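Just below is one structure, and these are the notes that go with it.
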Amino acid sequence: MSAPVITHVDETPAVTSLRRKDLLGIADLAPDEISLILDTAEAMKEIGSRPIKKVPALRGKTVVNLFFEPSTRTRTSFEIAEKRLSADTLNIASASSSVVKGETLADTALNLEAMQPDMIVLRHPSSGACHLLSRICRSAIINAGDGMHEHPTQALLDAFTIRERKKRLAGLKVAIIGDLLHSRVLRSNIHLLTKMGADVWVCGPPTLFPTDITRCGVRATSAIEEAVADADVIMLLRIQLERMEGAFLPSLREYFNVCGMTEARLRRAKPDVIIMHPGPMNRGVEIASEVADGPYSVILDQVANGVAVRMGVLYLLAGGVEHETAV
């Protein structure tokens, strides 16, 4: 028996595409575009539960994953998302590219562009790298993390996970704790959560506070007990030692004593609080193992939802048109 034919991936919102060629950051998105991505991701998540986890929505499209930084979750979930949508994928790491021979990022991108890919997913250690590619490439550019600037798909999957558990974003108290200074995840989440009406608190050691962070519409404190009090969501951020030049912390043990998430601190939050972490986790530094593995943790849900959200982004940037497809 042939597979049933559908005209939609699933029920989708009335607006079927983003008002832009690229996804460079959350700062560029309007609230209705954020909602569109999250709603589309809900449809995409159902595909992952099917016996055959593939639809031909991006058949004939070519996606290049260009990663200049180490990555497990982001790179893998983009690749799985692309394959579930039937795109042709090409994975390029900096160690296997001509960058090691001195080629610039722009020249690398233009050479790839000459092969006519439809999308380029870029992770790069320099802030603004994806904006450079957006100006010189016809291909759609997706920011998979650029320096200390933004990580838009991480914020989108975080929001998806929160909305899945809490059924809303508006009015929730979200406490984000950790290395605020170096975190692109923080920046994207602040943009998204404040746009969607959440009450965002940020907390970390004074040496890891960005200048004038309160101008972003968040509440700031260096006291973790205040940050987590009555919180609906607690999001821990990784200590990014690779981006630190100087003595930001006395020691990792001291950081855990001051800002680490323990069961005792967790009890100050609401009884139905959820615990999040973008990964990779440093157990015993940002978070105690009993919290990371405990009943309030949705960390693995974040990983699973990353595939659905990235499928939604790819689908929408490809046009979000109504494909007549076989499941």
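Identifiers in this document derive from the order of the structure tokens: chains are assigned A, B, ..., residues are numbered from 1 separately in each chain, and ligands are numbered from 1 in order of occurrence.
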
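Of the residues in stretch 121-182 of chain A, those given alpha helix (DSSP H) by DSSP on the backbone are Ala129, Cys130, His131, Leu132, Leu133, Ser134, Arg135, Ile136, Pro152, Thr153, Gln154, Ala155, Leu156, Leu157, Asp158, Ala159, Phe160, Thr161, Ile162, Arg163, Glu164, Arg165 and Lys166 of chain A.
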
Could you find all residues in stretch 8-92 of chain A that DSSP calls strand (DSSP E or B) from the backbone, and write them as a PDB file with N, CA, C and O atoms, in the first residue's frame?
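Ended up saving to out.pdb:
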ATOM      1  N   LEU A  23      18.583  33.655   8.842  1.00  0.00           N
ATOM      2  CA  LEU A  23      18.364  33.723  10.285  1.00  0.00           C
ATOM      3  C   LEU A  23      19.712  34.024  10.923  1.00  0.00           C
ATOM      4  O   LEU A  23      20.529  33.136  11.131  1.00  0.00           O
ATOM      5  N   THR A  62      20.081  21.824  -1.260  1.00  0.00           N
ATOM      6  CA  THR A  62      21.412  21.476  -0.747  1.00  0.00           C
ATOM      7  C   THR A  62      21.754  22.402   0.415  1.00  0.00           C
ATOM      8  O   THR A  62      21.653  23.617   0.289  1.00  0.00           O
ATOM      9  N   VAL A  63      22.168  21.804   1.536  1.00  0.00           N
ATOM     10  CA  VAL A  63      22.525  22.563   2.733  1.00  0.00           C
ATOM     11  C   VAL A  63      23.966  22.237   3.101  1.00  0.00           C
ATOM     12  O   VAL A  63      24.335  21.065   3.229  1.00  0.00           O
ATOM     13  N   VAL A  64      24.780  23.280   3.281  1.00  0.00           N
ATOM     14  CA  VAL A  64      26.170  23.127   3.703  1.00  0.00           C
ATOM     15  C   VAL A  64      26.279  23.503   5.174  1.00  0.00           C
ATOM     16  O   VAL A  64      25.863  24.598   5.566  1.00  0.00           O
ATOM     17  N   ASN A  65      26.805  22.604   5.988  1.00  0.00           N
ATOM     18  CA  ASN A  65      27.069  22.883   7.395  1.00  0.00           C
ATOM     19  C   ASN A  65      28.546  23.226   7.539  1.00  0.00           C
ATOM     20  O   ASN A  65      29.406  22.355   7.396  1.00  0.00           O
ATOM     21  N   LEU A  66      28.831  24.500   7.806  1.00  0.00           N
ATOM     22  CA  LEU A  66      30.197  25.010   7.834  1.00  0.00           C
ATOM     23  C   LEU A  66      30.547  25.389   9.273  1.00  0.00           C
ATOM     24  O   LEU A  66      30.124  26.431   9.769  1.00  0.00           O
ATOM     25  N   PHE A  67      31.309  24.528   9.947  1.00  0.00           N
ATOM     26  CA  PHE A  67      31.559  24.701  11.380  1.00  0.00           C
ATOM     27  C   PHE A  67      33.041  24.944  11.643  1.00  0.00           C
ATOM     28  O   PHE A  67      33.879  24.109  11.322  1.00  0.00           O
ATOM     29  N   ASP A  88      19.858  17.469   0.673  1.00  0.00           N
ATOM     30  CA  ASP A  88      21.218  16.950   0.483  1.00  0.00           C
ATOM     31  C   ASP A  88      22.140  17.782   1.364  1.00  0.00           C
ATOM     32  O   ASP A  88      22.120  19.015   1.306  1.00  0.00           O
ATOM     33  N   THR A  89      22.953  17.127   2.191  1.00  0.00           N
ATOM     34  CA  THR A  89      23.778  17.839   3.160  1.00  0.00           C
ATOM     35  C   THR A  89      25.259  17.611   2.908  1.00  0.00           C
ATOM     36  O   THR A  89      25.681  16.552   2.437  1.00  0.00           O
ATOM     37  N   LEU A  90      26.035  18.627   3.240  1.00  0.00           N
ATOM     38  CA  LEU A  90      27.490  18.566   3.154  1.00  0.00           C
ATOM     39  C   LEU A  90      28.052  19.171   4.424  1.00  0.00           C
ATOM     40  O   LEU A  90      27.716  20.301   4.778  1.00  0.00           O
ATOM     41  N   ASN A  91      28.880  18.409   5.143  1.00  0.00           N
ATOM     42  CA  ASN A  91      29.460  18.867   6.403  1.00  0.00           C
ATOM     43  C   ASN A  91      30.925  19.215   6.208  1.00  0.00           C
ATOM     44  O   ASN A  91      31.705  18.385   5.731  1.00  0.00           O
ATOM     45  N   ILE A  92      31.286  20.450   6.589  1.00  0.00           N
ATOM     46  CA  ILE A  92      32.665  20.918   6.454  1.00  0.00           C
ATOM     47  C   ILE A  92      33.132  21.453   7.799  1.00  0.00           C
ATOM     48  O   ILE A  92      32.510  22.344   8.367  1.00  0.00           O
TER      49      ILE A  92
END

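Proximity of A:Tyr315, A:Glu263, A:Leu237, A:Ser183 to A:Pro56, computed with only C-alpha atoms, is greatest for A:Tyr315.
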
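What separates atom CA of A:Leu241 from atom CA of A:Leu300 is a distance of 23.5 Å.
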
### Task
For A:Asp158, please output as a PyMOL selection string all residues within 10 Å (counting only C-alpha atoms; exclusion window: fewer than 3 positions along the same chain).
chain A and resi 152-155+161-164+185+189+192-193+235+276-278+298-299+301-303+305-306+309
